[in-house]
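Visitor: Please find one structure pasted underneath; my questions will follow.
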Amino acid sequence: QVQLVESGGGLVQPGGSLRLSCAGSGITFSISTVAWYRQAPGKQRELVAALPSGGTTTYADSVKGRFTISRDNAKKTVYLQMNSLKSEDTAVYYCNAKIGILNYWGQGTQVTVSS
């Protein structure tokens, strides 16, 4: 059974930082494309960052220069370092892993940016 478990969300002030983690199990993590998505209230889920196995990282324009996605295949974990957070970054953040046609999601972690 594949599981993706996110952690690291919370409340942070504008300009602050958070690091999200996503631990995978039951999946050949090293060959998967991993990504972070987010969904704000009343909005569609959107791609934040993606990191293919051995490929080029992709970022949403709104987070370029502020967020960094990384992975540790030995730990089956993907990270999202978020710096210079803004109120518009407030959303539920979801971890995603894809292998071929198989697509897996975590349960999401809330990030709230507010003073």
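Every chain in the structure tokens takes a letter, A first, then B, and so on in the order presented; its residues are numbered from 1, and the ligands are numbered from 1 following the presented order.
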Residues near stretch 19-24 of chain A, anyone? I mean within 7 Å using only C-alpha atoms, not counting same-chain ones fewer than 2 positions away, as a count of residues only.

Guide: 18

Visitor: Determine which residues of chain A receive a DSSP assignment of strand (DSSP E or B), computed from the backbone, and state them as a count of residues only.

Guide: 61

Visitor: Might you pull out every residue within 9 Å of A:Val34, with only C-alpha atoms counted and same-chain residues fewer than 3 positions away left off, and present them as number ranges by chain?

Guide: A: 29, 49-53, 71, 78, 95-98

Visitor: Extract, using only C-alpha atoms, all DNA, RNA and protein residues at most 6 Å from A:Gly108, discarding same-chain residues fewer than 2 positions from it, and format them as a short mmCIF file (atom, residue, chain, number, x, y, z; two decimals) with N, CA, C and O atoms, in the first residue's frame.

Guide:
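Generated file (around12.cif):
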data_model
loop_
_atom_site.label_atom_id
_atom_site.label_comp_id
_atom_site.auth_asym_id
_atom_site.auth_seq_id
_atom_site.Cartn_x
_atom_site.Cartn_y
_atom_site.Cartn_z
N VAL A 92 -3.72 24.56 1.49
CA VAL A 92 -3.36 23.19 1.87
C VAL A 92 -2.35 22.69 0.83
O VAL A 92 -2.61 22.79 -0.38
N TYR A 93 -1.24 22.20 1.30
CA TYR A 93 -0.18 21.72 0.41
C TYR A 93 -0.20 20.20 0.37
O TYR A 93 -0.23 19.53 1.41
N TYR A 94 -0.17 19.68 -0.86
CA TYR A 94 -0.26 18.24 -1.08
C TYR A 94 1.02 17.72 -1.75
O TYR A 94 1.52 18.32 -2.70
N GLY A 106 -0.72 12.66 -1.01
CA GLY A 106 -0.77 12.69 0.43
C GLY A 106 -2.08 13.31 0.88
O GLY A 106 -2.92 13.73 0.08
#

Visitor: Skipping near chain neighbours, those fewer than 4 positions away, what residues fall within 8 Å of A:Gln13 using only C-alpha atoms, listed as a list in words?

Guide: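 Residues near the query, excluding close chain neighbours: Leu85, Val113, Ser114 and Ser115 of chain A.
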
Visitor: Would you write out those residues with all heavy atoms, as an mmCIF file, in the first residue's frame?

Guide:
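Result went into result-v9.cif, see below:
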data_model
loop_
_atom_site.group_PDB
_atom_site.id
_atom_site.type_symbol
_atom_site.label_atom_id
_atom_site.label_comp_id
_atom_site.auth_asym_id
_atom_site.auth_seq_id
_atom_site.Cartn_x
_atom_site.Cartn_y
_atom_site.Cartn_z
ATOM 1 N N LEU A 85 7.651 33.904 2.789
ATOM 2 C CA LEU A 85 6.245 33.532 2.608
ATOM 3 C C LEU A 85 5.346 34.758 2.584
ATOM 4 O O LEU A 85 5.581 35.752 3.291
ATOM 5 C CB LEU A 85 5.824 32.567 3.706
ATOM 6 C CG LEU A 85 6.307 31.132 3.471
ATOM 7 C CD1 LEU A 85 6.275 30.339 4.774
ATOM 8 C CD2 LEU A 85 5.457 30.450 2.418
ATOM 9 N N VAL A 113 -0.262 31.769 6.276
ATOM 10 C CA VAL A 113 0.664 32.896 6.400
ATOM 11 C C VAL A 113 -0.152 34.110 6.819
ATOM 12 O O VAL A 113 -0.970 34.621 6.047
ATOM 13 C CB VAL A 113 1.409 33.163 5.080
ATOM 14 C CG1 VAL A 113 2.437 34.283 5.279
ATOM 15 C CG2 VAL A 113 2.063 31.899 4.568
ATOM 16 N N SER A 114 0.075 34.542 8.039
ATOM 17 C CA SER A 114 -0.734 35.629 8.585
ATOM 18 C C SER A 114 -0.008 36.276 9.750
ATOM 19 O O SER A 114 0.730 35.621 10.486
ATOM 20 C CB SER A 114 -2.083 35.094 9.052
ATOM 21 O OG SER A 114 -2.834 36.115 9.680
ATOM 22 N N SER A 115 -0.247 37.570 9.893
ATOM 23 C CA SER A 115 0.327 38.286 11.027
ATOM 24 C C SER A 115 -0.661 38.316 12.191
ATOM 25 O O SER A 115 -0.356 38.842 13.256
ATOM 26 C CB SER A 115 0.729 39.698 10.623
ATOM 27 O OG SER A 115 -0.374 40.388 10.074
#

Visitor: As a ChimeraX atom specification, please: the residues near A:Asp61 (cut-off 12 Å, only C-alpha atoms, same-chain neighbours under 6 positions excluded).

Guide: /A:46-49,67

Visitor: How would the residues just picked look written out with C-alpha atoms as a PDB file, in the first residue's frame?

Guide:
ATOM      1  CA  GLU A  46      -2.206  24.118  -8.608  1.00  0.00           C
ATOM      2  CA  LEU A  47       1.301  22.831  -9.158  1.00  0.00           C
ATOM      3  CA  VAL A  48       3.879  24.488  -6.914  1.00  0.00           C
ATOM      4  CA  ALA A  49       7.019  22.538  -7.831  1.00  0.00           C
ATOM      5  CA  PHE A  67      10.605  27.915  -2.778  1.00  0.00           C
TER       6      PHE A  67
END

Visitor: Taking only C-alpha atoms into account, which of A:Leu18, A:Thr112, A:Thr90, A:Gln107 comes nearest A:Thr68?

Guide: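 Selected residue with least distance to A:Thr68: A:Leu18.
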
Visitor: With distances taken over only C-alpha atoms, which residue among A:Thr57, A:Gln44, A:Gln1, A:Ser32 lies nearest A:Leu102?

Guide: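 Looking at the shortest contact to A:Leu102, the residue is A:Ser32.
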
Visitor: Counting only C-alpha atoms, which residue out of A:Ser84, A:Gly15, A:Gly42, A:Tyr104 sits closest to A:Gly65?

Guide: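 Once distances to A:Gly65 are computed over only C-alpha atoms, the minimum belongs to A:Ser84.
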
Visitor: Could you state the separation of atom CA of A:Tyr37 and atom CA of A:Val111 in Å, given to one decimal place?

Guide: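 Distance reported for this atom pair: 12.0 Å.
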
Visitor: For atom CA of A:Leu11 and atom CA of A:Ala40, determine how far apart the two atoms are, in Å to one decimal place.

Guide: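 The value is 14.6 Å.
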
Visitor: Please report the interatomic distance between atom CA of A:Ser25 and atom CA of A:Gly55 in Å with one decimal.

Guide: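 Between these atoms lies a distance of 21.7 Å.
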